[in-house]
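Asker: Just passing along the structure, written as structure tokens.
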Amino acid sequence: MALSRGLRCCQRVFSWIPVLIIAAVMLWSYYAYVFELCLFTLTNTLEKVAYLLVFHVCFVMFSWTYWKSIFTPPASPCKKFQLSYSDKQRYEFEERPDAQKQILVEIAKKLPIFSRAHSGAIRFCDRCQVLKPDRCHHCSVCESCVLKMDHHCPWVNNCVGFANYKFFLLFLAYSMVYCVFIAATVFQYFLKFWVGDLSNRPAKFHVLFLMFVALMFFVSLMFLFGYHCWLVSKNRSTLEAFTAPVFVSGPDRNGFNVGIRRNLQQVFGEDRRLWFIPVFTGQGNGHYFPLKNRSSESHNPLLANEDLWEESDDGSEGSLVEDHDPSVTIEMEE
């Protein structure tokens, strides 16, 4: 036990190394741009002021979105998806797999669960002891189930999921803007240092590396950001892009695709003025999502119990559906 705890502690410490690397690059780029380029190299005051103003706006947004991506906890299923004590006892003492599956089906009748495991059974996490909501997966690094899990990102040392996916996208976007601005404004001084027109040696080193680092990060970020834009347009997570979610009718990669506009609104919200600000504006609560194909709803045995789940006496159940648009019905499978 002591050894495993020590290993876990070491793992948690080492998991911050990628974040520290990014933070170090950010701080160095700030010093190199503000001091070595703007204050020690530029001679035109107007150009200096303009560069510093725009740079600080980019730097603040870049830092803010990165901070939010790191420190926004990944959302986990609420208590209504956990087994009650009596249900847990029944499930654990039942040795027959088919009987265990039936117990989960009975419990799921009270919940808006519409996706299934590949075997056709209700998805259940043995580690967290919860019935998994649609698009929820267990992260072995975070050691918890994450709502609408996209992936675990070592560069933010956090799971990217329902609660922070918008922040992660904005982090990628503002990182690209930051790199493009640096490369565009440094380029002419990069050429001057390269051909020897400027002789400030320390600044020369920093400006040359600023150019190379900005271009290198921009290229890698461009592909990653483009891929996630495509995922958002299709309303898929990274996991769903590799393994199609399974429904009663079978696997369907486009099961949650409800059109580009509504797909965007699920992540960024309806108020476009807040789309580019790192505050949570997404729709719903991450426990269920509208489906593209609603034709099988009438054949869905769990859908008939959705009203019972919404009208629970205990306001916590009802709180799960407060943000649900009553005009949007959902399909269930797993």
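Chain labels A, B, ... are given in the sequence in which chains occur in the structure tokens; within each chain residues are numbered consecutively from 1, and ligands are likewise numbered from 1 in the order shown.
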How close does each residue of stretch 194-301 of chain A get to stretch 122-140 of chain A, giving the shortest atom pair and distance in Å to one decimal for every residue with an atom at most 8 Å away, counting only C-alpha atoms, sorted by chain and residue number, as a Markdown table?
Answerer:
| residue | atom | partner | partner_atom | distance |
| --- | --- | --- | --- | --- |
| A:Pro245 | CA | A:Arg135 | CA | 7.8 |
| A:His287 | CA | A:Pro133 | CA | 5.4 |
| A:Tyr288 | CA | A:Asp134 | CA | 5.7 |
| A:Phe289 | CA | A:Asp134 | CA | 7.3 |
Asker: Take the selection from the previous step and output its residues with N, CA and C atoms, as a PDB file, in the first residue's frame.
Answerer:
ATOM      1  N   PRO A 245     -20.323   5.849 -30.730  1.00  0.00           N
ATOM      2  CA  PRO A 245     -21.225   5.505 -29.630  1.00  0.00           C
ATOM      3  C   PRO A 245     -22.280   4.508 -30.101  1.00  0.00           C
ATOM      4  N   HIS A 287     -25.296  15.598 -18.577  1.00  0.00           N
ATOM      5  CA  HIS A 287     -25.803  14.265 -18.268  1.00  0.00           C
ATOM      6  C   HIS A 287     -26.571  13.640 -19.421  1.00  0.00           C
ATOM      7  N   TYR A 288     -27.027  14.434 -20.363  1.00  0.00           N
ATOM      8  CA  TYR A 288     -27.685  13.889 -21.542  1.00  0.00           C
ATOM      9  C   TYR A 288     -27.647  14.923 -22.661  1.00  0.00           C
ATOM     10  N   PHE A 289     -27.822  14.459 -23.893  1.00  0.00           N
ATOM     11  CA  PHE A 289     -27.687  15.317 -25.070  1.00  0.00           C
ATOM     12  C   PHE A 289     -28.757  14.938 -26.094  1.00  0.00           C
TER      13      PHE A 289
END
Asker: Among the residues of stretch 41-286 of chain A, find those DSSP assigns to strand (DSSP E or B) from the backbone and print them as a PyMOL selection string.
Answerer: chain A and resi 82+116+124-125+130-131+137-139+144-146+151-153+158-160+246-247+250-251
Asker: Just want the 10 Å neighbourhood of A:Tyr51, counted on only C-alpha atoms, with same-chain residues fewer than 3 positions away dropped. Output as a list in words.
Answerer: Tyr33, Val34, Leu37, Cys38, Leu42, Thr45, Leu46, Glu47, Lys48, Val54, Phe55, His56, Phe181, Ile182 and Thr185 of chain A
Asker: Near A:Ile260, counting only C-alpha atoms, which residues have an atom at most 10 Å away, once you skip same-chain residues fewer than 4 positions from it, shown as a list in words?
Answerer: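 Selected residues are Val232, Ser233, Lys234, Asn235, Leu264, Gln265 and Gln266 of chain A.
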Asker: If you count only C-alpha atoms, which residues fall within 9 Å of stretch 152-167 of chain A, apart from same-chain ones fewer than 5 positions away, as a tab-separated table (two decimals) with C-alpha atoms, in the first residue's frame?
Answerer:
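And here's result_26.tsv as it stands now:
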chain	number	residue	atom	x	y	z
A	15	SER	CA	2.27	15.03	-14.37
A	16	TRP	CA	2.89	18.76	-13.81
A	17	ILE	CA	6.12	18.73	-15.85
A	18	PRO	CA	4.39	19.43	-19.23
A	19	VAL	CA	2.48	22.33	-17.64
A	20	LEU	CA	5.70	23.75	-16.20
A	21	ILE	CA	7.33	23.51	-19.62
A	22	ILE	CA	4.50	25.50	-21.23
A	65	THR	CA	-7.72	30.30	-21.17
A	66	TYR	CA	-4.75	28.12	-20.23
A	67	TRP	CA	-5.45	28.68	-16.52
A	68	LYS	CA	-9.12	27.78	-16.99
A	69	SER	CA	-8.23	24.63	-18.94
A	70	ILE	CA	-5.92	23.49	-16.15
A	71	PHE	CA	-7.93	24.35	-13.06
A	72	THR	CA	-11.53	23.78	-14.15
A	73	PRO	CA	-12.36	20.38	-12.62
A	74	PRO	CA	-13.74	17.81	-15.05
A	75	ALA	CA	-17.45	17.35	-14.29
A	136	CYS	CA	-19.39	9.79	-20.10
A	139	CYS	CA	-10.41	8.42	-16.95
A	141	VAL	CA	-5.44	9.17	-14.90
A	142	CYS	CA	-7.99	11.31	-13.03
A	146	VAL	CA	-15.89	12.44	-16.72
A	147	LEU	CA	-19.00	13.87	-18.38
A	172	LEU	CA	-5.85	26.52	-28.69
A	237	SER	CA	-15.57	13.93	-28.90
A	267	VAL	CA	-20.35	24.07	-26.56
A	268	PHE	CA	-20.43	27.88	-26.73
A	275	TRP	CA	-18.21	32.78	-27.32
A	277	ILE	CA	-14.61	34.76	-23.37
A	278	PRO	CA	-13.42	31.91	-21.11
A	279	VAL	CA	-16.59	31.65	-19.03
A	280	PHE	CA	-18.85	28.61	-19.13
A	281	THR	CA	-21.76	29.19	-21.51
A	282	GLY	CA	-22.47	25.67	-22.79
A	285	ASN	CA	-25.50	19.89	-17.58
A	286	GLY	CA	-23.56	17.16	-19.34
Asker: Find the spatial neighbours of A:Arg90, counting only C-alpha atoms, within a cut-off of 12 Å - ignore same-chain residues fewer than 2 positions away - and output them as a list in words.
Answerer: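 Counting only the stated atoms, we get Leu83, Ser84, Tyr85, Ser86, Asp87, Lys88, Glu92, Phe93, Glu94, Glu95, Arg96, Ala99, Gln100, Lys101, Gln102, Ile103, Leu104, Glu106 and Ile107 of chain A.
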Asker: Write out as a PyMOL selection string all residues of stretch 34-273 of chain A that DSSP puts in alpha helix (DSSP H) for this structure's backbone.
Answerer: chain A and resi 45-71+85-93+97-108+165-195+201-234+238-242+260-268
Asker: Pull C-alpha atoms from the residues just selected and write them as a short mmCIF file (atom, residue, chain, number, x, y, z; two decimals), in the first residue's frame.
Answerer:
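Contents of selection_23.cif, as written:
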data_model
loop_
_atom_site.label_atom_id
_atom_site.label_comp_id
_atom_site.auth_asym_id
_atom_site.auth_seq_id
_atom_site.Cartn_x
_atom_site.Cartn_y
_atom_site.Cartn_z
CA THR A 45 7.83 54.92 -29.88
CA LEU A 46 4.50 54.56 -31.66
CA GLU A 47 5.43 51.11 -32.95
CA LYS A 48 6.66 50.13 -29.49
CA VAL A 49 3.41 51.19 -27.78
CA ALA A 50 1.20 49.50 -30.42
CA TYR A 51 3.15 46.25 -30.20
CA LEU A 52 3.04 46.21 -26.41
CA LEU A 53 -0.70 46.90 -26.23
CA VAL A 54 -1.70 44.17 -28.68
CA PHE A 55 0.84 41.74 -27.24
CA HIS A 56 -0.53 42.11 -23.72
CA VAL A 57 -4.10 41.54 -24.88
CA CYS A 58 -3.01 38.32 -26.61
CA PHE A 59 -0.89 37.26 -23.64
CA VAL A 60 -3.72 37.84 -21.13
CA MET A 61 -6.25 35.84 -23.17
CA PHE A 62 -3.72 33.08 -23.78
CA SER A 63 -2.86 32.85 -20.06
CA TRP A 64 -6.49 33.12 -18.93
CA THR A 65 -7.72 30.30 -21.17
CA TYR A 66 -4.75 28.12 -20.23
CA TRP A 67 -5.45 28.68 -16.52
CA LYS A 68 -9.12 27.78 -16.99
CA SER A 69 -8.23 24.63 -18.94
CA ILE A 70 -5.92 23.49 -16.15
CA PHE A 71 -7.93 24.35 -13.06
CA TYR A 85 -26.94 1.25 -0.90
CA SER A 86 -29.66 -1.35 -1.44
CA ASP A 87 -29.08 -1.47 -5.23
CA LYS A 88 -25.35 -1.79 -4.66
CA GLN A 89 -25.90 -4.69 -2.28
CA ARG A 90 -28.21 -6.41 -4.77
CA TYR A 91 -25.74 -5.90 -7.61
CA GLU A 92 -22.68 -7.11 -5.69
CA PHE A 93 -24.31 -10.20 -4.22
CA PRO A 97 -24.13 -11.63 -15.18
CA ASP A 98 -27.58 -11.59 -16.83
CA ALA A 99 -29.24 -10.83 -13.51
CA GLN A 100 -26.73 -8.03 -12.85
CA LYS A 101 -27.55 -6.53 -16.25
CA GLN A 102 -31.25 -6.66 -15.43
CA ILE A 103 -30.66 -4.84 -12.14
CA LEU A 104 -28.88 -2.05 -14.02
CA VAL A 105 -31.71 -1.88 -16.57
CA GLU A 106 -34.25 -1.43 -13.76
CA ILE A 107 -32.20 1.36 -12.20
CA ALA A 108 -31.63 3.05 -15.57
CA TYR A 165 -14.04 21.86 -23.43
CA LYS A 166 -14.83 25.44 -24.41
CA PHE A 167 -11.82 26.67 -22.41
CA PHE A 168 -9.59 24.12 -24.13
CA LEU A 169 -10.76 25.24 -27.59
CA LEU A 170 -10.22 28.90 -26.69
CA PHE A 171 -6.78 28.03 -25.33
CA LEU A 172 -5.85 26.52 -28.69
CA ALA A 173 -7.30 29.50 -30.56
CA TYR A 174 -5.59 32.18 -28.47
CA SER A 175 -2.33 30.20 -28.52
CA MET A 176 -2.44 30.39 -32.31
CA VAL A 177 -3.24 34.11 -32.25
CA TYR A 178 -0.37 34.66 -29.82
CA CYS A 179 2.07 32.78 -32.06
CA VAL A 180 0.89 34.50 -35.25
CA PHE A 181 1.19 37.96 -33.70
CA ILE A 182 4.70 37.27 -32.41
CA ALA A 183 5.85 35.81 -35.74
CA ALA A 184 4.34 38.66 -37.76
CA THR A 185 5.83 41.46 -35.66
CA VAL A 186 9.20 39.81 -35.10
CA PHE A 187 9.78 38.84 -38.73
CA GLN A 188 11.38 42.09 -39.95
CA TYR A 189 13.75 42.19 -36.95
CA PHE A 190 14.47 38.49 -37.42
CA LEU A 191 15.70 39.32 -40.95
CA LYS A 192 17.74 42.30 -39.75
CA PHE A 193 19.47 40.25 -37.07
CA TRP A 194 19.98 37.40 -39.53
CA VAL A 195 21.80 39.59 -42.09
CA ARG A 201 23.67 40.19 -29.32
CA PRO A 202 21.36 39.19 -26.43
CA ALA A 203 18.32 40.53 -28.30
CA LYS A 204 19.46 38.75 -31.45
CA PHE A 205 19.41 35.39 -29.65
CA HIS A 206 15.93 35.98 -28.20
CA VAL A 207 14.41 37.35 -31.42
CA LEU A 208 15.72 34.46 -33.52
CA PHE A 209 14.35 31.90 -31.10
CA LEU A 210 11.05 33.78 -30.75
CA MET A 211 10.55 33.40 -34.48
CA PHE A 212 11.39 29.70 -34.57
CA VAL A 213 9.37 28.81 -31.47
CA ALA A 214 6.31 30.82 -32.60
CA LEU A 215 6.28 29.13 -36.02
CA MET A 216 6.86 25.67 -34.55
CA PHE A 217 4.00 26.00 -32.05
CA PHE A 218 1.72 27.58 -34.64
CA VAL A 219 2.06 24.67 -37.07
CA SER A 220 1.32 22.04 -34.40
CA LEU A 221 -1.55 24.08 -32.93
CA MET A 222 -3.06 24.71 -36.36
CA PHE A 223 -3.58 20.99 -37.00
CA LEU A 224 -4.88 20.32 -33.49
CA PHE A 225 -7.26 23.28 -33.52
CA GLY A 226 -8.51 22.39 -36.99
CA TYR A 227 -9.22 18.84 -35.87
CA HIS A 228 -11.21 20.01 -32.84
CA CYS A 229 -13.18 22.49 -34.97
CA TRP A 230 -14.16 19.56 -37.17
CA LEU A 231 -15.17 17.56 -34.08
CA VAL A 232 -17.35 20.42 -32.82
CA SER A 233 -19.04 20.78 -36.21
CA LYS A 234 -19.90 17.05 -36.09
CA THR A 238 -12.11 12.59 -29.68
CA LEU A 239 -13.15 9.24 -28.17
CA GLU A 240 -16.31 9.15 -30.31
CA ALA A 241 -14.28 9.91 -33.42
CA PHE A 242 -12.31 6.70 -32.85
CA ILE A 260 -23.69 22.82 -37.08
CA ARG A 261 -25.55 25.72 -35.41
CA ARG A 262 -26.94 23.62 -32.56
CA ASN A 263 -23.65 21.72 -32.24
CA LEU A 264 -21.83 25.02 -31.72
CA GLN A 265 -24.45 26.22 -29.24
CA GLN A 266 -24.00 23.09 -27.13
CA VAL A 267 -20.35 24.07 -26.56
CA PHE A 268 -20.43 27.88 -26.73
#
Asker: Pick out the closest residue to A:Lys292 from this set: A:Ser115, A:Thr243, A:Asn254, A:Ser29. Count only C-alpha atoms.
Answerer: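 Of the candidates, the smallest distance to A:Lys292 is held by A:Asn254.
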Asker: Just to confirm, what's the straight-line distance from atom CA of A:Asn293 to atom CA of A:Val258 in Å (one decimal)?
Answerer: 8.8 Å
Asker: Which polymer residues have any atom within 12 Å of an atom of A:His118, counting only C-alpha atoms, with same-chain residues fewer than 4 positions away left out, as a PDB file with C-alpha atoms, in the first residue's frame?
Answerer:
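Okay, result.pdb is ready:
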ATOM      1  CA  ILE A 122     -26.318  -0.436 -19.674  1.00  0.00           C
ATOM      2  CA  ARG A 123     -22.886   1.173 -19.278  1.00  0.00           C
ATOM      3  CA  THR A 243     -15.125   4.551 -31.433  1.00  0.00           C
ATOM      4  CA  ALA A 244     -18.703   5.280 -32.487  1.00  0.00           C
ATOM      5  CA  PRO A 245     -21.225   5.505 -29.630  1.00  0.00           C
ATOM      6  CA  VAL A 246     -23.662   2.585 -29.541  1.00  0.00           C
ATOM      7  CA  PHE A 247     -27.415   3.060 -29.464  1.00  0.00           C
ATOM      8  CA  VAL A 248     -30.384   0.682 -29.434  1.00  0.00           C
ATOM      9  CA  SER A 249     -30.318   0.752 -33.226  1.00  0.00           C
ATOM     10  CA  GLY A 250     -26.553   0.109 -33.287  1.00  0.00           C
ATOM     11  CA  PRO A 251     -23.327   2.170 -33.519  1.00  0.00           C
ATOM     12  CA  ASP A 252     -23.709   5.651 -34.984  1.00  0.00           C
ATOM     13  CA  GLU A 333     -29.252   3.567 -25.796  1.00  0.00           C
ATOM     14  CA  GLU A 334     -25.925   2.427 -24.470  1.00  0.00           C
TER      15      GLU A 334
END
Asker: To one decimal in Å, tell me the separation between atom CA of A:Asp271 and atom CA of A:Pro290.
Answerer: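 Between atom CA of A:Asp271 and atom CA of A:Pro290 the gap works out to 19.5 Å.
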Asker: What's the separation between atom CA of A:Asn257 and atom CA of A:Phe114, in Å to one decimal place?
Answerer: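 Separating atom CA of A:Asn257 from atom CA of A:Phe114 is a distance of 14.6 Å.
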